[in-house]
Structure formats: structure tokens, C-alpha cells
>>> print(open('protein-v5.cif').read())   # mmCIF, C-alpha atoms, pLDDT in the B column; chains and numbers go by the auth columns
data_run
#
loop_
_atom_site.group_PDB
_atom_site.id
_atom_site.type_symbol
_atom_site.label_atom_id
_atom_site.label_comp_id
_atom_site.label_asym_id
_atom_site.label_seq_id
_atom_site.Cartn_x
_atom_site.Cartn_y
_atom_site.Cartn_z
_atom_site.B_iso_or_equiv
_atom_site.auth_seq_id
_atom_site.auth_asym_id
ATOM 1 C CA ALA A 1 11.223 23.620 11.528 56.00 27 A
ATOM 2 C CA MET A 2 7.467 23.659 11.735 77.00 28 A
ATOM 3 C CA LEU A 3 5.376 23.357 8.610 81.00 29 A
ATOM 4 C CA PRO A 4 3.048 26.283 7.796 88.00 30 A
ATOM 5 C CA ARG A 5 0.079 23.889 7.887 91.00 31 A
ATOM 6 C CA PRO A 6 -0.508 20.197 8.566 93.00 32 A
ATOM 7 C CA PRO A 7 0.621 17.979 5.681 95.00 33 A
ATOM 8 C CA ILE A 8 -1.286 15.417 3.669 97.00 34 A
ATOM 9 C CA VAL A 9 0.521 12.080 3.806 98.00 35 A
ATOM 10 C CA VAL A 10 0.188 9.518 1.012 98.00 36 A
ATOM 11 C CA ALA A 11 1.306 6.005 1.938 98.00 37 A
ATOM 12 C CA HIS A 12 1.617 2.839 -0.151 97.00 38 A
ATOM 13 C CA SER A 13 1.583 -0.842 0.859 95.00 39 A
ATOM 14 C CA PHE A 14 3.339 -1.389 4.232 91.00 40 A
ATOM 15 C CA GLY A 15 3.807 2.370 4.388 93.00 41 A
ATOM 16 C CA GLY A 16 0.032 2.501 4.879 96.00 42 A
ATOM 17 C CA LEU A 17 0.307 0.407 8.033 94.00 43 A
ATOM 18 C CA ILE A 18 3.035 2.739 9.304 92.00 44 A
ATOM 19 C CA LEU A 19 0.746 5.720 8.613 96.00 45 A
ATOM 20 C CA GLN A 20 -2.089 3.986 10.479 97.00 46 A
ATOM 21 C CA LYS A 21 0.236 3.620 13.490 94.00 47 A
ATOM 22 C CA TYR A 22 1.232 7.302 13.188 94.00 48 A
ATOM 23 C CA ILE A 23 -2.429 8.371 13.273 96.00 49 A
ATOM 24 C CA LEU A 24 -2.870 6.496 16.561 95.00 50 A
ATOM 25 C CA GLY A 25 -0.218 8.783 18.091 92.00 51 A
ATOM 26 C CA ILE A 26 -1.623 12.133 16.944 90.00 52 A
ATOM 27 C CA ALA A 27 -2.464 14.443 19.828 81.00 53 A
ATOM 28 C CA PRO A 28 -6.197 15.237 20.055 82.00 54 A
ATOM 29 C CA ASP A 29 -5.581 18.987 19.955 74.00 55 A
ATOM 30 C CA GLY A 30 -2.440 18.872 17.807 62.00 56 A
ATOM 31 C CA GLY A 31 -0.465 19.754 20.935 63.00 57 A
ATOM 32 C CA ASP A 32 2.974 18.739 22.076 67.00 58 A
ATOM 33 C CA ASP A 33 1.809 15.589 23.884 71.00 59 A
ATOM 34 C CA GLY A 34 1.581 13.569 20.663 78.00 60 A
ATOM 35 C CA LEU A 35 2.540 13.483 17.016 87.00 61 A
ATOM 36 C CA PRO A 36 1.695 16.484 14.814 88.00 62 A
ATOM 37 C CA LYS A 37 -1.715 16.388 13.157 90.00 63 A
ATOM 38 C CA LEU A 38 -2.290 15.731 9.476 95.00 64 A
ATOM 39 C CA ALA A 39 -4.614 17.479 7.020 96.00 65 A
ATOM 40 C CA GLY A 40 -5.301 14.114 5.374 98.00 66 A
ATOM 41 C CA ALA A 41 -4.103 10.534 5.059 98.00 67 A
ATOM 42 C CA ALA A 42 -4.253 8.612 1.778 98.00 68 A
ATOM 43 C CA PHE A 43 -3.746 4.862 1.727 98.00 69 A
ATOM 44 C CA LEU A 44 -2.796 3.336 -1.644 98.00 70 A
ATOM 45 C CA CYS A 45 -2.910 -0.472 -1.796 98.00 71 A
ATOM 46 C CA SER A 46 -2.292 -0.385 1.947 98.00 72 A
ATOM 47 C CA VAL A 47 -1.781 -3.282 4.298 96.00 73 A
ATOM 48 C CA PRO A 48 -4.900 -3.256 6.526 97.00 74 A
ATOM 49 C CA PRO A 49 -4.995 -2.589 10.291 97.00 75 A
ATOM 50 C CA SER A 50 -5.151 -6.340 10.947 97.00 76 A
ATOM 51 C CA GLY A 51 -1.796 -6.822 9.201 94.00 77 A
ATOM 52 C CA ASN A 52 -1.051 -9.069 6.259 90.00 78 A
ATOM 53 C CA LYS A 53 -1.694 -12.564 7.663 89.00 79 A
ATOM 54 C CA LYS A 54 -5.365 -12.752 6.616 92.00 80 A
ATOM 55 C CA LEU A 55 -4.740 -11.436 3.125 91.00 81 A
ATOM 56 C CA VAL A 56 -1.851 -13.869 2.561 90.00 82 A
ATOM 57 C CA GLY A 57 -4.214 -16.665 3.633 94.00 83 A
ATOM 58 C CA ARG A 58 -6.911 -15.469 1.221 95.00 84 A
ATOM 59 C CA PHE A 59 -4.430 -15.351 -1.659 94.00 85 A
ATOM 60 C CA PHE A 60 -3.222 -18.849 -0.772 95.00 86 A
ATOM 61 C CA MET A 61 -6.790 -20.209 -0.823 96.00 87 A
ATOM 62 C CA ARG A 62 -7.495 -18.559 -4.220 96.00 88 A
ATOM 63 C CA ASP A 63 -4.244 -19.438 -5.981 96.00 89 A
ATOM 64 C CA PRO A 64 -1.683 -21.398 -3.930 96.00 90 A
ATOM 65 C CA LEU A 65 1.049 -21.284 -6.583 96.00 91 A
ATOM 66 C CA LEU A 66 0.766 -17.543 -7.148 95.00 92 A
ATOM 67 C CA SER A 67 0.689 -16.985 -3.396 95.00 93 A
ATOM 68 C CA LEU A 68 3.871 -19.001 -2.944 95.00 94 A
ATOM 69 C CA ARG A 69 5.615 -17.169 -5.800 95.00 95 A
ATOM 70 C CA VAL A 70 4.681 -13.763 -4.372 94.00 96 A
ATOM 71 C CA THR A 71 5.667 -14.731 -0.815 91.00 97 A
ATOM 72 C CA TYR A 72 8.972 -16.172 -2.039 92.00 98 A
ATOM 73 C CA GLY A 73 9.395 -13.092 -4.216 91.00 99 A
ATOM 74 C CA PHE A 74 9.363 -10.867 -1.134 88.00 100 A
ATOM 75 C CA ILE A 75 11.609 -13.167 0.900 87.00 101 A
ATOM 76 C CA ALA A 76 14.195 -13.711 -1.859 88.00 102 A
ATOM 77 C CA LYS A 77 13.598 -10.376 -3.625 89.00 103 A
ATOM 78 C CA THR A 78 13.166 -12.202 -6.931 92.00 104 A
ATOM 79 C CA PHE A 79 11.588 -9.034 -8.328 92.00 105 A
ATOM 80 C CA ALA A 80 15.034 -7.413 -8.182 92.00 106 A
ATOM 81 C CA ASN A 81 16.594 -9.990 -10.488 92.00 107 A
ATOM 82 C CA ASN A 82 13.742 -11.220 -12.643 95.00 108 A
ATOM 83 C CA VAL A 83 11.539 -8.881 -14.696 96.00 109 A
ATOM 84 C CA GLU A 84 8.721 -11.417 -14.968 96.00 110 A
ATOM 85 C CA ALA A 85 8.630 -11.850 -11.183 96.00 111 A
ATOM 86 C CA CYS A 86 8.595 -8.051 -10.926 97.00 112 A
ATOM 87 C CA ARG A 87 5.653 -7.846 -13.328 97.00 113 A
ATOM 88 C CA GLU A 88 3.730 -10.622 -11.579 97.00 114 A
ATOM 89 C CA MET A 89 4.141 -9.038 -8.150 97.00 115 A
ATOM 90 C CA PHE A 90 3.743 -5.345 -8.893 97.00 116 A
ATOM 91 C CA PHE A 91 2.515 -4.547 -12.399 98.00 117 A
ATOM 92 C CA SER A 92 -0.185 -5.300 -14.950 97.00 118 A
ATOM 93 C CA LYS A 93 0.442 -7.491 -17.961 96.00 119 A
ATOM 94 C CA SER A 94 -0.246 -4.429 -20.121 96.00 120 A
ATOM 95 C CA LEU A 95 2.725 -2.443 -18.759 97.00 121 A
ATOM 96 C CA PRO A 96 5.112 -1.848 -21.701 97.00 122 A
ATOM 97 C CA GLU A 97 8.376 -3.822 -21.564 97.00 123 A
ATOM 98 C CA ASP A 98 10.584 -0.720 -21.538 97.00 124 A
ATOM 99 C CA LYS A 99 8.825 0.649 -18.452 97.00 125 A
ATOM 100 C CA LEU A 100 8.900 -2.740 -16.741 98.00 126 A
ATOM 101 C CA HIS A 101 12.661 -3.003 -17.269 97.00 127 A
ATOM 102 C CA ARG A 102 13.211 0.563 -16.029 97.00 128 A
ATOM 103 C CA TYR A 103 11.095 0.049 -12.885 96.00 129 A
ATOM 104 C CA GLN A 104 12.669 -3.333 -12.181 95.00 130 A
ATOM 105 C CA LYS A 105 16.158 -1.782 -12.324 94.00 131 A
ATOM 106 C CA GLN A 106 15.031 0.914 -9.880 93.00 132 A
ATOM 107 C CA LEU A 107 13.661 -1.731 -7.504 89.00 133 A
ATOM 108 C CA ALA A 108 16.887 -3.731 -7.798 89.00 134 A
ATOM 109 C CA ALA A 109 18.912 -0.614 -6.961 88.00 135 A
ATOM 110 C CA CYS A 110 17.068 -0.134 -3.664 81.00 136 A
ATOM 111 C CA GLY A 111 19.619 -2.324 -1.911 63.00 137 A
ATOM 112 C CA PRO A 112 19.267 -4.852 0.868 61.00 138 A
ATOM 113 C CA VAL A 113 18.206 -2.413 3.597 56.00 139 A
ATOM 114 C CA ARG A 114 15.632 -3.987 5.883 58.00 140 A
ATOM 115 C CA LEU A 115 12.926 -1.380 6.291 53.00 141 A
ATOM 116 C CA MET A 116 10.910 -2.985 9.046 58.00 142 A
ATOM 117 C CA ASP A 117 10.850 -5.886 11.446 66.00 143 A
ATOM 118 C CA LEU A 118 7.821 -7.897 10.292 65.00 144 A
ATOM 119 C CA GLN A 119 7.838 -9.956 13.493 69.00 145 A
ATOM 120 C CA ASN A 120 7.500 -6.722 15.478 76.00 146 A
ATOM 121 C CA VAL A 121 4.788 -5.448 13.105 74.00 147 A
ATOM 122 C CA ASN A 122 2.804 -8.668 13.470 75.00 148 A
ATOM 123 C CA ALA A 123 3.013 -8.352 17.269 83.00 149 A
ATOM 124 C CA GLN A 124 1.313 -4.915 17.036 89.00 150 A
ATOM 125 C CA VAL A 125 -1.672 -5.885 14.886 94.00 151 A
ATOM 126 C CA PRO A 126 -4.567 -5.724 14.833 95.00 152 A
ATOM 127 C CA LEU A 127 -4.381 -2.022 15.544 96.00 153 A
ATOM 128 C CA PRO A 128 -6.812 -0.438 18.012 95.00 154 A
ATOM 129 C CA SER A 129 -9.650 1.679 16.625 96.00 155 A
ATOM 130 C CA PRO A 130 -8.562 5.005 15.131 95.00 156 A
ATOM 131 C CA PRO A 131 -8.955 8.091 17.307 93.00 157 A
ATOM 132 C CA SER A 132 -11.993 10.332 16.995 92.00 158 A
ATOM 133 C CA HIS A 133 -9.691 13.143 15.821 92.00 159 A
ATOM 134 C CA CYS A 134 -8.492 11.054 12.878 95.00 160 A
ATOM 135 C CA PRO A 135 -7.649 13.075 9.737 97.00 161 A
ATOM 136 C CA PRO A 136 -9.787 12.704 6.597 98.00 162 A
ATOM 137 C CA ALA A 137 -8.808 9.522 4.780 98.00 163 A
ATOM 138 C CA LEU A 138 -8.750 8.175 1.241 98.00 164 A
ATOM 139 C CA VAL A 139 -8.463 4.405 0.828 98.00 165 A
ATOM 140 C CA LEU A 140 -7.622 3.319 -2.704 98.00 166 A
ATOM 141 C CA GLY A 141 -6.976 -0.168 -4.015 98.00 167 A
ATOM 142 C CA ALA A 142 -6.223 -1.940 -7.255 98.00 168 A
ATOM 143 C CA ARG A 143 -8.447 -4.761 -8.472 97.00 169 A
ATOM 144 C CA ASP A 144 -5.493 -6.673 -10.017 97.00 170 A
ATOM 145 C CA ASP A 145 -3.226 -6.355 -6.965 98.00 171 A
ATOM 146 C CA VAL A 146 -1.641 -9.702 -5.950 97.00 172 A
ATOM 147 C CA VAL A 147 -0.069 -8.217 -2.802 96.00 173 A
ATOM 148 C CA VAL A 148 -3.029 -6.449 -1.118 97.00 174 A
ATOM 149 C CA ASP A 149 -6.460 -7.756 -2.111 97.00 175 A
ATOM 150 C CA VAL A 150 -9.803 -5.955 -2.305 98.00 176 A
ATOM 151 C CA PRO A 151 -11.066 -7.352 1.063 98.00 177 A
ATOM 152 C CA ALA A 152 -7.967 -5.829 2.708 98.00 178 A
ATOM 153 C CA ILE A 153 -8.742 -2.471 1.073 98.00 179 A
ATOM 154 C CA GLN A 154 -12.345 -2.763 2.272 98.00 180 A
ATOM 155 C CA GLU A 155 -11.099 -3.496 5.806 98.00 181 A
ATOM 156 C CA THR A 156 -8.927 -0.368 5.806 98.00 182 A
ATOM 157 C CA ALA A 157 -11.793 1.750 4.453 98.00 183 A
ATOM 158 C CA GLU A 158 -14.151 0.427 7.128 98.00 184 A
ATOM 159 C CA TYR A 159 -11.515 1.157 9.789 98.00 185 A
ATOM 160 C CA PHE A 160 -11.511 4.817 8.731 98.00 186 A
ATOM 161 C CA GLY A 161 -15.255 5.014 8.051 98.00 187 A
ATOM 162 C CA VAL A 162 -14.914 5.786 4.341 98.00 188 A
ATOM 163 C CA SER A 163 -15.907 4.105 1.092 98.00 189 A
ATOM 164 C CA PRO A 164 -12.996 2.447 -0.701 98.00 190 A
ATOM 165 C CA VAL A 165 -11.999 3.428 -4.212 98.00 191 A
ATOM 166 C CA ILE A 166 -11.163 0.287 -6.215 98.00 192 A
ATOM 167 C CA ILE A 167 -9.627 0.807 -9.639 98.00 193 A
ATOM 168 C CA ASP A 168 -9.941 -1.872 -12.309 97.00 194 A
ATOM 169 C CA ALA A 169 -7.024 -2.917 -14.537 97.00 195 A
ATOM 170 C CA LEU A 170 -4.464 -1.675 -12.009 98.00 196 A
ATOM 171 C CA ALA A 171 -1.848 -3.628 -10.031 98.00 197 A
ATOM 172 C CA HIS A 172 -0.025 -3.097 -6.713 98.00 198 A
ATOM 173 C CA ASP A 173 2.375 -0.378 -7.830 98.00 199 A
ATOM 174 C CA CYS A 174 -0.581 1.854 -8.632 98.00 200 A
ATOM 175 C CA MET A 175 1.557 4.968 -8.951 97.00 201 A
ATOM 176 C CA LEU A 176 3.589 3.494 -11.839 97.00 202 A
ATOM 177 C CA ASP A 177 1.341 0.893 -13.446 98.00 203 A
ATOM 178 C CA THR A 178 -0.416 1.244 -16.795 96.00 204 A
ATOM 179 C CA ASN A 179 -3.511 3.006 -15.430 96.00 205 A
ATOM 180 C CA TRP A 180 -1.679 5.091 -12.827 97.00 206 A
ATOM 181 C CA THR A 181 -3.515 8.222 -13.983 98.00 207 A
ATOM 182 C CA GLN A 182 -6.783 6.844 -12.613 98.00 208 A
ATOM 183 C CA ALA A 183 -5.224 6.531 -9.153 98.00 209 A
ATOM 184 C CA ALA A 184 -3.673 10.001 -9.460 98.00 210 A
ATOM 185 C CA GLU A 185 -7.019 11.510 -10.517 98.00 211 A
ATOM 186 C CA GLN A 186 -8.777 9.980 -7.498 98.00 212 A
ATOM 187 C CA LEU A 187 -6.047 11.289 -5.198 98.00 213 A
ATOM 188 C CA ASP A 188 -6.215 14.748 -6.779 98.00 214 A
ATOM 189 C CA LEU A 189 -10.018 14.865 -6.479 98.00 215 A
ATOM 190 C CA TRP A 190 -9.869 13.833 -2.815 98.00 216 A
ATOM 191 C CA MET A 191 -7.177 16.411 -1.990 98.00 217 A
ATOM 192 C CA ALA A 192 -9.121 19.159 -3.747 97.00 218 A
ATOM 193 C CA ASN A 193 -12.043 18.498 -1.400 96.00 219 A
ATOM 194 C CA LEU A 194 -10.065 18.641 1.861 95.00 220 A
#
>>> encode(input="protein-v5.cif", output="C-alpha cells")
Amino acid sequence: AMLPRPPIVVAHSFGGLILQKYILGIAPDGGDDGLPKLAGAAFLCSVPPSGNKKLVGRFFMRDPLLSLRVTYGFIAKTFANNVEACREMFFSKSLPEDKLHRYQKQLAACGPVRLMDLQNVNAQVPLPSPPSHCPPALVLGARDDVVVDVPAIQETAEYFGVSPVIIDALAHDCMLDTNWTQAAEQLDLWMANL
């Protein structure tokens, strides 16, 4: 069924890269020769159009041990079995223990489904320039993110020709972390102006 109007899509982390790819396939006139148009595209702590290789390298240069723990955490899914690994990768130190344990259990319950082929993703980046008929975009990042750094957020914002919104005292899982309301308020403000 068709939607009554084009949707606004909000994407997080690697979902942001998938949304960037979607935007490349939108038909200029919203016609049948491409993907349906969007009213807006919001990127929260999104992997940039160049992929994640550069940002992993930057993290490694800044803090090699943290970079190795985070990389291993994704490979071995340590965040699913260890609450401290979960906190280090996705949440602020200020997140209350009860919430951390609840979120970690939810992450652990996600199962071993492989959501994307990273080798295939890396073969497709960097992405070409966005189309001229690109939907309005919001690019939001978290200053304390150890998965997607501020330069990656700036790259995504530049790609879409917008100013990035960087929120202090917020980690990668910006929709659940301690200061999640700041991210939600920015998203709400942006959507109200579409």
C-alpha cells in the first residue's frame, strides 16, 4: 500500500549508511523508475559516506587499546555478554546501572543474525555525491561516541550540505543514553521545520 505522504526516515549507525544508499536510488520526480521519495532523512551517529575505515583508523591513533576493545567487541559481540563492554561501546559512564543491565539484555537478545556483509559494504564506499533531489537532512552526533567520531559526523553533514548537530555528554546509543532527550529535542525541532 502507498503511504499518504513521503515518510521521514531516522537511521542510526550503519543504518545511516544504508539510508545514504537508499537516497542515491530515489527517482528525481518520485516516479516509478526509482525508490520512493522521502520527506526527510535523519542520521544519528551515522557511519559516513566513506565507510568506517577512516574512523576506525582515527580511533586507533587516539587510543589503540580502546580501539581494539571496541573492534573486538563488535567481532565477538562482547557487549552481549559483558555489561562493562556494553557501556564502553554504547553508553555514557553516567547511565544508571539498572538501565545499562536492561539495555544490555535487549542487545544480547538480538541473536546472531548477520545484518549486513561488511566486505560488500566496504566495496561500495565511498558513495557518490548525493542527488540534487536529496531530501532535507539532519546529521546528529554524540561527542562521547567511541564508534562514530565527530569527524565522521562532520563528513556526513558536509556530504548533505548541512551543519552537524553534536551533543555533549552523549554516547553512541544516543536514543537510549543518559542525555537522550537532547537528541530527541533536536530531532523534534528539525521535523517541525520540514
>>> atom_distance(input="protein-v5.cif", atom1="CA of Asn148 (chain A)", atom2="CA of Gly83 (chain A)")
14.5 Å
>>> atom_distance(input="protein-v5.cif", atom1="CA of Phe117 (chain A)", atom2="CA of Ile49 (chain A)")
29.2 Å
>>> closest_residue(input="protein-v5.cif", among="A:Thr204, A:Gln150, A:Ser120, A:Ser155", to="Tyr185 (chain A)", atoms="only C-alpha atoms")
A:Ser155
>>> atom_distance(input="protein-v5.cif", atom1="CA of Glu181 (chain A)", atom2="CA of Met217 (chain A)")
21.7 Å
>>> residues_around(input="protein-v5.cif", residues="region 205-215 of chain A", least_positions_apart="6", cutoff="9 Å", atoms="all atoms listed in the file", output="VMD selection string")
chain A and resid 36 68 70 118 121 164 166 to 168 191 193 to 197 199
>>> resolve_selection(input="protein-v5.cif", expression="the PyMOL selection byres ((chain A and resi 84-96) around 12)", output="JSON, numbers by chain")
{"A": [78, 79, 80, 81, 82, 83, 97, 98, 99, 100, 101, 102, 103, 104, 105, 110, 111, 112, 113, 114, 115, 116, 171, 172, 173, 174, 175, 176, 177, 178, 198]}
>>> residues_around(input="protein-v5.cif", residues="region 44-48 of chain A", least_positions_apart="2", cutoff="12 Å", atoms="all atoms listed in the file", output="ChimeraX atom specification")
/A:34-42,50-53,60-64,66-70,72-77,141-144,147,150-157,160-161,163,165,182-183,185-186
>>> closest_residue(input="protein-v5.cif", among="A:Pro162, A:Asn107, A:Pro54, A:Pro190", to="Gln130 (chain A)", atoms="all atoms listed in the file")
A:Asn107
>>> residues_around(input="protein-v5.cif", residues="Tyr129 (chain A)", least_positions_apart="3", cutoff="10 Å", atoms="all atoms listed in the file", output="list of chain:residue names")
A:Ala106, A:Val109, A:Cys112, A:Arg113, A:Phe116, A:Phe117, A:Glu123, A:Asp124, A:Lys125, A:Leu126, A:Gln132, A:Leu133, A:Ala134, A:Ala135, A:Leu202, A:Asp203
>>> closest_residue(input="protein-v5.cif", among="A:Leu43, A:Gly187, A:Lys119, A:Cys71", to="Met201 (chain A)", atoms="only C-alpha atoms")
A:Cys71
>>> decode(input="protein-v5.cif", residues="region 86-184 of chain A", atoms="C-alpha atoms", output="PDB file, in the first residue's frame")
ATOM      1  CA  PHE A  86      43.249   3.604  16.737  1.00  0.00           C
ATOM      2  CA  MET A  87      45.622   6.589  16.529  1.00  0.00           C
ATOM      3  CA  ARG A  88      43.908   8.308  19.507  1.00  0.00           C
ATOM      4  CA  ASP A  89      43.552   5.295  21.795  1.00  0.00           C
ATOM      5  CA  PRO A  90      44.844   1.968  20.427  1.00  0.00           C
ATOM      6  CA  LEU A  91      43.611  -0.120  23.367  1.00  0.00           C
ATOM      7  CA  LEU A  92      40.098   1.313  23.302  1.00  0.00           C
ATOM      8  CA  SER A  93      40.003   0.900  19.531  1.00  0.00           C
ATOM      9  CA  LEU A  94      40.983  -2.753  19.819  1.00  0.00           C
ATOM     10  CA  ARG A  95      38.407  -3.384  22.561  1.00  0.00           C
ATOM     11  CA  VAL A  96      35.627  -1.776  20.511  1.00  0.00           C
ATOM     12  CA  THR A  97      36.627  -3.593  17.308  1.00  0.00           C
ATOM     13  CA  TYR A  98      36.845  -6.910  19.165  1.00  0.00           C
ATOM     14  CA  GLY A  99      33.565  -6.055  20.874  1.00  0.00           C
ATOM     15  CA  PHE A 100      31.806  -5.920  17.507  1.00  0.00           C
ATOM     16  CA  ILE A 101      33.515  -9.044  16.168  1.00  0.00           C
ATOM     17  CA  ALA A 102      32.937 -11.163  19.293  1.00  0.00           C
ATOM     18  CA  LYS A 103      29.774  -9.344  20.426  1.00  0.00           C
ATOM     19  CA  THR A 104      31.273  -8.890  23.889  1.00  0.00           C
ATOM     20  CA  PHE A 105      28.608  -6.258  24.558  1.00  0.00           C
ATOM     21  CA  ALA A 106      26.036  -9.068  24.617  1.00  0.00           C
ATOM     22  CA  ASN A 107      27.743 -10.879  27.480  1.00  0.00           C
ATOM     23  CA  ASN A 108      29.546  -8.171  29.406  1.00  0.00           C
ATOM     24  CA  VAL A 109      27.786  -5.073  30.763  1.00  0.00           C
ATOM     25  CA  GLU A 110      31.018  -3.093  31.053  1.00  0.00           C
ATOM     26  CA  ALA A 111      31.867  -3.783  27.402  1.00  0.00           C
ATOM     27  CA  CYS A 112      28.313  -2.708  26.556  1.00  0.00           C
ATOM     28  CA  ARG A 113      28.758   0.537  28.489  1.00  0.00           C
ATOM     29  CA  GLU A 114      32.163   1.256  26.955  1.00  0.00           C
ATOM     30  CA  MET A 115      30.912   0.733  23.406  1.00  0.00           C
ATOM     31  CA  PHE A 116      27.460   2.289  23.508  1.00  0.00           C
ATOM     32  CA  PHE A 117      26.701   4.278  26.655  1.00  0.00           C
ATOM     33  CA  SER A 118      27.963   7.046  28.914  1.00  0.00           C
ATOM     34  CA  LYS A 119      29.514   6.347  32.285  1.00  0.00           C
ATOM     35  CA  SER A 120      26.594   8.242  33.835  1.00  0.00           C
ATOM     36  CA  LEU A 121      23.954   5.773  32.583  1.00  0.00           C
ATOM     37  CA  PRO A 122      22.341   4.199  35.684  1.00  0.00           C
ATOM     38  CA  GLU A 123      23.223   0.534  36.286  1.00  0.00           C
ATOM     39  CA  ASP A 124      19.616  -0.666  36.070  1.00  0.00           C
ATOM     40  CA  LYS A 125      19.196   0.853  32.605  1.00  0.00           C
ATOM     41  CA  LEU A 126      22.563  -0.480  31.465  1.00  0.00           C
ATOM     42  CA  HIS A 127      21.603  -4.010  32.517  1.00  0.00           C
ATOM     43  CA  ARG A 128      18.197  -3.724  30.822  1.00  0.00           C
ATOM     44  CA  TYR A 129      19.673  -2.416  27.545  1.00  0.00           C
ATOM     45  CA  GLN A 130      22.467  -4.986  27.587  1.00  0.00           C
ATOM     46  CA  LYS A 131      19.915  -7.808  27.946  1.00  0.00           C
ATOM     47  CA  GLN A 132      17.977  -6.396  24.986  1.00  0.00           C
ATOM     48  CA  LEU A 133      21.156  -6.268  22.890  1.00  0.00           C
ATOM     49  CA  ALA A 134      22.028  -9.830  23.913  1.00  0.00           C
ATOM     50  CA  ALA A 135      18.551 -10.993  22.875  1.00  0.00           C
ATOM     51  CA  CYS A 136      19.021  -9.684  19.330  1.00  0.00           C
ATOM     52  CA  GLY A 137      20.501 -13.016  18.290  1.00  0.00           C
ATOM     53  CA  PRO A 138      23.303 -13.883  15.914  1.00  0.00           C
ATOM     54  CA  VAL A 139      21.618 -12.655  12.724  1.00  0.00           C
ATOM     55  CA  ARG A 140      24.144 -11.071  10.392  1.00  0.00           C
ATOM     56  CA  LEU A 141      22.552  -7.845   9.233  1.00  0.00           C
ATOM     57  CA  MET A 142      24.987  -6.877   6.519  1.00  0.00           C
ATOM     58  CA  ASP A 143      28.009  -8.061   4.611  1.00  0.00           C
ATOM     59  CA  LEU A 144      30.714  -5.581   5.656  1.00  0.00           C
ATOM     60  CA  GLN A 145      33.004  -6.735   2.844  1.00  0.00           C
ATOM     61  CA  ASN A 146      30.265  -5.834   0.354  1.00  0.00           C
ATOM     62  CA  VAL A 147      29.633  -2.505   2.123  1.00  0.00           C
ATOM     63  CA  ASN A 148      33.324  -1.617   2.005  1.00  0.00           C
ATOM     64  CA  ALA A 149      33.376  -2.377  -1.736  1.00  0.00           C
ATOM     65  CA  GLN A 150      30.621   0.247  -2.266  1.00  0.00           C
ATOM     66  CA  VAL A 151      32.218   3.154  -0.402  1.00  0.00           C
ATOM     67  CA  PRO A 152      32.947   5.939  -0.756  1.00  0.00           C
ATOM     68  CA  LEU A 153      29.466   6.698  -2.002  1.00  0.00           C
ATOM     69  CA  PRO A 154      28.982   9.018  -4.984  1.00  0.00           C
ATOM     70  CA  SER A 155      27.697  12.538  -4.328  1.00  0.00           C
ATOM     71  CA  PRO A 156      24.057  12.718  -3.238  1.00  0.00           C
ATOM     72  CA  PRO A 157      21.495  13.597  -5.900  1.00  0.00           C
ATOM     73  CA  SER A 158      20.272  17.154  -6.341  1.00  0.00           C
ATOM     74  CA  HIS A 159      16.781  15.988  -5.325  1.00  0.00           C
ATOM     75  CA  CYS A 160      18.069  14.767  -1.962  1.00  0.00           C
ATOM     76  CA  PRO A 161      15.558  15.089   0.910  1.00  0.00           C
ATOM     77  CA  PRO A 162      16.222  17.538   3.761  1.00  0.00           C
ATOM     78  CA  ALA A 163      18.733  16.018   6.162  1.00  0.00           C
ATOM     79  CA  LEU A 164      19.605  16.187   9.844  1.00  0.00           C
ATOM     80  CA  VAL A 165      23.037  14.911  10.871  1.00  0.00           C
ATOM     81  CA  LEU A 166      23.422  14.416  14.609  1.00  0.00           C
ATOM     82  CA  GLY A 167      26.379  13.036  16.519  1.00  0.00           C
ATOM     83  CA  ALA A 168      27.472  12.377  20.066  1.00  0.00           C
ATOM     84  CA  ARG A 169      30.688  13.877  21.402  1.00  0.00           C
ATOM     85  CA  ASP A 170      31.424  10.811  23.600  1.00  0.00           C
ATOM     86  CA  ASP A 171      30.760   8.241  20.861  1.00  0.00           C
ATOM     87  CA  VAL A 172      33.551   5.616  20.595  1.00  0.00           C
ATOM     88  CA  VAL A 173      32.007   4.016  17.488  1.00  0.00           C
ATOM     89  CA  VAL A 174      31.425   7.023  15.176  1.00  0.00           C
ATOM     90  CA  ASP A 175      33.605  10.055  15.901  1.00  0.00           C
ATOM     91  CA  VAL A 176      32.904  13.755  15.372  1.00  0.00           C
ATOM     92  CA  PRO A 177      34.978  13.968  12.125  1.00  0.00           C
ATOM     93  CA  ALA A 178      32.768  11.199  10.685  1.00  0.00           C
ATOM     94  CA  ILE A 179      29.651  13.169  11.663  1.00  0.00           C
ATOM     95  CA  GLN A 180      31.162  16.277  10.061  1.00  0.00           C
ATOM     96  CA  GLU A 181      31.857  14.285   6.878  1.00  0.00           C
ATOM     97  CA  THR A 182      28.235  13.131   6.677  1.00  0.00           C
ATOM     98  CA  ALA A 183      26.962  16.670   7.297  1.00  0.00           C
ATOM     99  CA  GLU A 184      29.227  18.055   4.574  1.00  0.00           C
TER     100      GLU A 184
END
